[in-house]
Amino acid sequence: MRSLALPVAAVLAFAGPAFAQSTDARPPVQTGAPNAPDQSPAFQGQTRAPQPAQNANVSAEKVATGLPQVWGLEILPEGGALITAKRGTMHIVSRDGAAGPEIQGVPEVDADGQGGLLDVALAPDYADSGIIYFSYAEPRGGGENATSVARARLDRDGNGGGSLSGTEVIFQQTPAYAGSKHFGSRLAFAPDGTLFVTVGERSDTPIRDQAQDLGSGLGKVFRINPDGSVPDGNPYAKSGEALPEIWSYGHRNLQSATIGPDGQLWTVEHGPRGGDELNRPEAGKNYGWPVITYGLTYGGSPVGQGITAKDGMEQPIYYWDPVIAPSGMDYYDADLIPEWNGAFLVGGLQSRGVVILHMDGDRVSAEEWLPLDARVRDVKVGPDGAVYAVTETRGSGSSIVRIAPDA
């Protein structure tokens, strides 16, 4: 198996565990006061899980620097990496850590606010087909925009760049909206070859209420076939009243998604001021936003009626208050860092590092933070078992950091 095989540009070494702990009394990582102190979890362990008995002893090495503001990362099987930049460009990062010229043929994006070129995913048969999938904020005319997904063949040239050919838009979120927030979006291929697409609910009141509307594409998880058609197993595939691509609904702004060991989709979505959520979205289920949520509005008032539970709406598996501000996510099933085997790795924008969720079935048994002193935009497990994180510092672009056991 191969990794990015990039040289070390800088080393950020951690002497021992990221946090001190006791095996007798392990405090949670998150000890700051919650934004909503009057709210209580629905069950034990739903928030502020203890730290693990032993944190992984790892080092983080910057292996690529000076990149544009990166949003999505994929490790290429032929070596190097493919990145998407928020501004609307796509680049191949070579083994020596250099970003190649812009890949030609990327569609126009609306990069205002939280928009731009978003996630990227390799087709399951990429090694043979060269097909990639990517999501982006698509301008729809009249100042409106929405999240779309396209697929194309990546044709590499001999100069570190390449072009997209046969580009086809396979999914368009509706309705379009003249806004600059909450586009989502992550892409995750299920074992059966279907593609999960996560989106946001566009943030503003009252349009965010459409997260509860099955006739709207806001605040949803979608499941589509690789060509954009609707899989037969979708919960609303034959309803005639709901959008047939919908898998689950009642979501806020989904910027973390991966496939877990059970072959199911797992997500982390941005909550308001408090209320980031880990979920395992199931077909046809309602995850509550904005009717129920943990946390408060950014102004400090209750969201809606200020309730955290309601019949017919799902509880999150886990939530954070204060928030971590989640971004990219992956599942660790390698051997290089044995302490993390079976854990979910979540990029934290607000927590400025990687959040490691140790699992016991479908519950979080422990939570570990690896500080990187930078916003983490995406996280991927490499074929060598190392973890590759995209870090960003506002005003100075992005880097790729390789995380592996301390030598």
# chains A, B, ... in the order shown; residues from 1 in each chain; ligands from 1
>>> residues_around(residues="Gly274 in chain A", least_positions_apart="2", cutoff="6 Å", atoms="only C-alpha atoms", output="compact mmCIF listing (two decimals) with N, CA and C atoms, in the first residue's frame")
# COMPACT_ATOMS: atom_id res chain seq x y z
N GLY A 271 -24.53 22.24 14.37
CA GLY A 271 -25.67 22.74 15.10
C GLY A 271 -25.62 24.26 15.16
N PRO A 272 -26.53 24.86 15.94
CA PRO A 272 -26.46 26.31 16.12
C PRO A 272 -25.34 26.64 17.11
N GLY A 295 -28.57 23.26 22.06
CA GLY A 295 -27.94 24.54 21.82
C GLY A 295 -28.94 25.67 21.66
N ASP A 321 -21.86 20.62 22.96
CA ASP A 321 -22.16 21.99 23.36
C ASP A 321 -21.14 22.37 24.43
N PRO A 322 -20.18 23.26 24.12
CA PRO A 322 -19.98 24.03 22.89
C PRO A 322 -19.63 23.14 21.68
N VAL A 323 -19.68 23.78 20.52
CA VAL A 323 -19.52 23.04 19.27
C VAL A 323 -18.05 22.76 18.95
>>> closest_atom_pairs(of="range 291-347 of chain A", to="range 167-186 of chain A", cutoff="12 Å", atoms="only C-alpha atoms", output="tab-separated table")
residue	atom	partner	partner_atom	distance
A:Pro326	CA	A:Gly184	CA	11.0
A:Ser327	CA	A:Arg186	CA	9.1
A:Gly328	CA	A:Arg186	CA	7.8
A:Met329	CA	A:Arg186	CA	9.2
A:Asp330	CA	A:Arg186	CA	11.3
>>> write_last_selection(atoms="N, CA and C atoms", output="PDB file, in the first residue's frame")
ATOM      1  N   PRO A 326     -17.898  20.839  12.907  1.00  0.00           N
ATOM      2  CA  PRO A 326     -17.355  19.687  12.190  1.00  0.00           C
ATOM      3  C   PRO A 326     -17.125  19.949  10.713  1.00  0.00           C
ATOM      4  N   SER A 327     -16.141  19.239  10.170  1.00  0.00           N
ATOM      5  CA  SER A 327     -15.909  19.260   8.733  1.00  0.00           C
ATOM      6  C   SER A 327     -15.690  17.815   8.276  1.00  0.00           C
ATOM      7  N   GLY A 328     -14.676  17.541   7.434  1.00  0.00           N
ATOM      8  CA  GLY A 328     -14.529  16.207   6.872  1.00  0.00           C
ATOM      9  C   GLY A 328     -14.416  15.119   7.924  1.00  0.00           C
ATOM     10  N   MET A 329     -14.680  13.871   7.521  1.00  0.00           N
ATOM     11  CA  MET A 329     -14.811  12.756   8.462  1.00  0.00           C
ATOM     12  C   MET A 329     -14.384  11.465   7.785  1.00  0.00           C
ATOM     13  N   ASP A 330     -13.787  10.557   8.549  1.00  0.00           N
ATOM     14  CA  ASP A 330     -13.444   9.243   8.021  1.00  0.00           C
ATOM     15  C   ASP A 330     -13.496   8.226   9.154  1.00  0.00           C
TER      16      ASP A 330
END
>>> select_by_dssp(residues="range 22-149 of chain A", states="strand (DSSP E)", output="PyMOL selection string")
chain A and resi 58-67+70-75+81-85+89-93+117-122+131-141+144-149
>>> closest_residue(among="A:Ser351, A:Thr205, A:Gln210, A:Ser256", to="Gly304 in chain A", atoms="only C-alpha atoms")
A:Thr205
>>> closest_residue(among="A:Arg48, A:Arg280, A:Lys86, A:His358", to="Leu67 in chain A", atoms="only C-alpha atoms")
A:Lys86
>>> residues_around(residues="Asn234 in chain A", least_positions_apart="3", cutoff="10 Å", atoms="only C-alpha atoms", output="mmCIF file with C-alpha atoms, in the first residue's frame")
data_model
loop_
_atom_site.group_PDB
_atom_site.id
_atom_site.type_symbol
_atom_site.label_atom_id
_atom_site.label_comp_id
_atom_site.auth_asym_id
_atom_site.auth_seq_id
_atom_site.Cartn_x
_atom_site.Cartn_y
_atom_site.Cartn_z
ATOM 1 C CA PHE A 222 -29.954 12.144 -0.543
ATOM 2 C CA ARG A 223 -29.174 8.696 -1.942
ATOM 3 C CA ILE A 224 -28.704 8.369 -5.689
ATOM 4 C CA VAL A 230 -33.131 7.004 -7.905
ATOM 5 C CA PRO A 231 -32.345 3.655 -6.245
ATOM 6 C CA ALA A 237 -38.840 6.302 -4.395
ATOM 7 C CA LYS A 238 -42.473 5.577 -5.237
ATOM 8 C CA SER A 239 -44.368 7.998 -3.005
ATOM 9 C CA PRO A 244 -37.564 10.436 -4.456
ATOM 10 C CA GLU A 245 -33.843 11.068 -3.852
ATOM 11 C CA ILE A 246 -34.432 11.799 -0.133
ATOM 12 C CA TRP A 247 -32.909 9.351 2.327
ATOM 13 C CA SER A 248 -33.428 11.290 5.586
ATOM 14 C CA ALA A 283 -34.132 5.680 5.616
ATOM 15 C CA GLY A 284 -37.156 7.937 5.987
#
>>> residues_around(residues="Asp209 in chain A", least_positions_apart="5", cutoff="12 Å", atoms="only C-alpha atoms", output="ChimeraX atom specification")
/A:200-204,214-220,249-252,288-292,303-304
>>> write_last_selection(atoms="C-alpha atoms", output="PDB file, in the first residue's frame")
ATOM      1  CA  GLY A 200     -27.605  22.187   4.147  1.00  0.00           C
ATOM      2  CA  GLU A 201     -30.886  24.015   4.744  1.00  0.00           C
ATOM      3  CA  ARG A 202     -29.525  27.440   3.703  1.00  0.00           C
ATOM      4  CA  SER A 203     -29.547  28.834   7.271  1.00  0.00           C
ATOM      5  CA  ASP A 204     -32.020  31.702   6.947  1.00  0.00           C
ATOM      6  CA  LEU A 214     -40.339  16.321   1.959  1.00  0.00           C
ATOM      7  CA  GLY A 215     -41.111  18.320  -1.178  1.00  0.00           C
ATOM      8  CA  SER A 216     -38.001  20.457  -0.661  1.00  0.00           C
ATOM      9  CA  GLY A 217     -34.345  19.543  -1.070  1.00  0.00           C
ATOM     10  CA  LEU A 218     -33.145  21.678   1.844  1.00  0.00           C
ATOM     11  CA  GLY A 219     -31.700  20.035   4.964  1.00  0.00           C
ATOM     12  CA  LYS A 220     -31.611  16.509   3.587  1.00  0.00           C
ATOM     13  CA  TYR A 249     -34.523  14.785   6.552  1.00  0.00           C
ATOM     14  CA  GLY A 250     -34.601  17.370   9.334  1.00  0.00           C
ATOM     15  CA  HIS A 251     -30.889  18.168   9.056  1.00  0.00           C
ATOM     16  CA  ARG A 252     -29.146  21.529   9.477  1.00  0.00           C
ATOM     17  CA  GLY A 288     -35.579  17.186  13.954  1.00  0.00           C
ATOM     18  CA  TRP A 289     -34.080  20.457  12.742  1.00  0.00           C
ATOM     19  CA  PRO A 290     -35.293  23.144  13.364  1.00  0.00           C
ATOM     20  CA  VAL A 291     -38.093  21.798  15.581  1.00  0.00           C
ATOM     21  CA  ILE A 292     -35.788  20.118  18.081  1.00  0.00           C
ATOM     22  CA  VAL A 303     -34.300  27.834  18.696  1.00  0.00           C
ATOM     23  CA  GLY A 304     -38.032  27.697  18.012  1.00  0.00           C
TER      24      GLY A 304
END
>>> decode(residues="range 349-376 of chain A", atoms="N, CA and C atoms", output="PDB file, in the first residue's frame")
ATOM      1  N   LEU A 349     -13.302  22.582  12.974  1.00  0.00           N
ATOM      2  CA  LEU A 349     -12.947  23.954  12.630  1.00  0.00           C
ATOM      3  C   LEU A 349     -12.802  24.800  13.893  1.00  0.00           C
ATOM      4  N   GLN A 350     -13.779  24.701  14.788  1.00  0.00           N
ATOM      5  CA  GLN A 350     -13.725  25.451  16.029  1.00  0.00           C
ATOM      6  C   GLN A 350     -12.765  24.805  17.025  1.00  0.00           C
ATOM      7  N   SER A 351     -12.740  23.468  17.071  1.00  0.00           N
ATOM      8  CA  SER A 351     -11.859  22.764  18.015  1.00  0.00           C
ATOM      9  C   SER A 351     -10.414  22.717  17.536  1.00  0.00           C
ATOM     10  N   ARG A 352     -10.177  23.107  16.299  1.00  0.00           N
ATOM     11  CA  ARG A 352      -8.824  23.282  15.745  1.00  0.00           C
ATOM     12  C   ARG A 352      -7.971  22.013  15.897  1.00  0.00           C
ATOM     13  N   GLY A 353      -8.528  20.931  15.414  1.00  0.00           N
ATOM     14  CA  GLY A 353      -7.813  19.664  15.459  1.00  0.00           C
ATOM     15  C   GLY A 353      -8.705  18.547  14.982  1.00  0.00           C
ATOM     16  N   VAL A 354      -8.253  17.314  15.198  1.00  0.00           N
ATOM     17  CA  VAL A 354      -9.023  16.131  14.840  1.00  0.00           C
ATOM     18  C   VAL A 354      -9.696  15.601  16.103  1.00  0.00           C
ATOM     19  N   VAL A 355     -10.995  15.355  16.011  1.00  0.00           N
ATOM     20  CA  VAL A 355     -11.767  14.785  17.104  1.00  0.00           C
ATOM     21  C   VAL A 355     -11.911  13.296  16.841  1.00  0.00           C
ATOM     22  N   ILE A 356     -11.475  12.472  17.791  1.00  0.00           N
ATOM     23  CA  ILE A 356     -11.499  11.015  17.636  1.00  0.00           C
ATOM     24  C   ILE A 356     -12.612  10.462  18.496  1.00  0.00           C
ATOM     25  N   LEU A 357     -13.577   9.812  17.877  1.00  0.00           N
ATOM     26  CA  LEU A 357     -14.716   9.234  18.580  1.00  0.00           C
ATOM     27  C   LEU A 357     -14.549   7.730  18.659  1.00  0.00           C
ATOM     28  N   HIS A 358     -14.268   7.219  19.856  1.00  0.00           N
ATOM     29  CA  HIS A 358     -14.150   5.786  20.087  1.00  0.00           C
ATOM     30  C   HIS A 358     -15.546   5.223  20.326  1.00  0.00           C
ATOM     31  N   MET A 359     -15.867   4.143  19.638  1.00  0.00           N
ATOM     32  CA  MET A 359     -17.231   3.649  19.625  1.00  0.00           C
ATOM     33  C   MET A 359     -17.379   2.314  20.359  1.00  0.00           C
ATOM     34  N   ASP A 360     -18.558   2.127  20.926  1.00  0.00           N
ATOM     35  CA  ASP A 360     -19.000   0.842  21.463  1.00  0.00           C
ATOM     36  C   ASP A 360     -20.347   0.581  20.813  1.00  0.00           C
ATOM     37  N   GLY A 361     -20.327  -0.163  19.715  1.00  0.00           N
ATOM     38  CA  GLY A 361     -21.537  -0.324  18.926  1.00  0.00           C
ATOM     39  C   GLY A 361     -21.935   0.997  18.314  1.00  0.00           C
ATOM     40  N   ASP A 362     -23.168   1.440  18.592  1.00  0.00           N
ATOM     41  CA  ASP A 362     -23.628   2.714  18.038  1.00  0.00           C
ATOM     42  C   ASP A 362     -23.609   3.826  19.080  1.00  0.00           C
ATOM     43  N   ARG A 363     -22.753   3.701  20.089  1.00  0.00           N
ATOM     44  CA  ARG A 363     -22.609   4.734  21.099  1.00  0.00           C
ATOM     45  C   ARG A 363     -21.154   5.170  21.201  1.00  0.00           C
ATOM     46  N   VAL A 364     -20.939   6.427  21.552  1.00  0.00           N
ATOM     47  CA  VAL A 364     -19.596   6.952  21.760  1.00  0.00           C
ATOM     48  C   VAL A 364     -19.147   6.561  23.159  1.00  0.00           C
ATOM     49  N   SER A 365     -18.059   5.804  23.245  1.00  0.00           N
ATOM     50  CA  SER A 365     -17.553   5.366  24.555  1.00  0.00           C
ATOM     51  C   SER A 365     -16.479   6.296  25.093  1.00  0.00           C
ATOM     52  N   ALA A 366     -15.769   6.991  24.211  1.00  0.00           N
ATOM     53  CA  ALA A 366     -14.720   7.916  24.629  1.00  0.00           C
ATOM     54  C   ALA A 366     -14.471   8.913  23.513  1.00  0.00           C
ATOM     55  N   GLU A 367     -13.988  10.085  23.890  1.00  0.00           N
ATOM     56  CA  GLU A 367     -13.693  11.142  22.928  1.00  0.00           C
ATOM     57  C   GLU A 367     -12.298  11.684  23.194  1.00  0.00           C
ATOM     58  N   GLU A 368     -11.530  11.770  22.121  1.00  0.00           N
ATOM     59  CA  GLU A 368     -10.132  12.217  22.198  1.00  0.00           C
ATOM     60  C   GLU A 368      -9.956  13.361  21.212  1.00  0.00           C
ATOM     61  N   TRP A 369      -9.165  14.364  21.578  1.00  0.00           N
ATOM     62  CA  TRP A 369      -8.865  15.464  20.667  1.00  0.00           C
ATOM     63  C   TRP A 369      -7.381  15.497  20.377  1.00  0.00           C
ATOM     64  N   LEU A 370      -7.035  15.626  19.102  1.00  0.00           N
ATOM     65  CA  LEU A 370      -5.656  15.827  18.690  1.00  0.00           C
ATOM     66  C   LEU A 370      -5.522  17.267  18.207  1.00  0.00           C
ATOM     67  N   PRO A 371      -4.954  18.162  19.006  1.00  0.00           N
ATOM     68  CA  PRO A 371      -4.857  19.565  18.601  1.00  0.00           C
ATOM     69  C   PRO A 371      -3.837  19.759  17.497  1.00  0.00           C
ATOM     70  N   LEU A 372      -4.197  20.554  16.489  1.00  0.00           N
ATOM     71  CA  LEU A 372      -3.297  20.877  15.383  1.00  0.00           C
ATOM     72  C   LEU A 372      -3.094  22.380  15.235  1.00  0.00           C
ATOM     73  N   ASP A 373      -3.691  23.162  16.113  1.00  0.00           N
ATOM     74  CA  ASP A 373      -3.527  24.615  16.116  1.00  0.00           C
ATOM     75  C   ASP A 373      -3.941  25.228  14.790  1.00  0.00           C
ATOM     76  N   ALA A 374      -4.951  24.646  14.156  1.00  0.00           N
ATOM     77  CA  ALA A 374      -5.469  25.164  12.891  1.00  0.00           C
ATOM     78  C   ALA A 374      -6.838  24.543  12.652  1.00  0.00           C
ATOM     79  N   ARG A 375      -7.662  25.225  11.880  1.00  0.00           N
ATOM     80  CA  ARG A 375      -8.951  24.669  11.480  1.00  0.00           C
ATOM     81  C   ARG A 375      -8.724  23.444  10.596  1.00  0.00           C
ATOM     82  N   VAL A 376      -9.437  22.368  10.858  1.00  0.00           N
ATOM     83  CA  VAL A 376      -9.294  21.153  10.062  1.00  0.00           C
ATOM     84  C   VAL A 376     -10.506  21.022   9.157  1.00  0.00           C
TER      85      VAL A 376
END
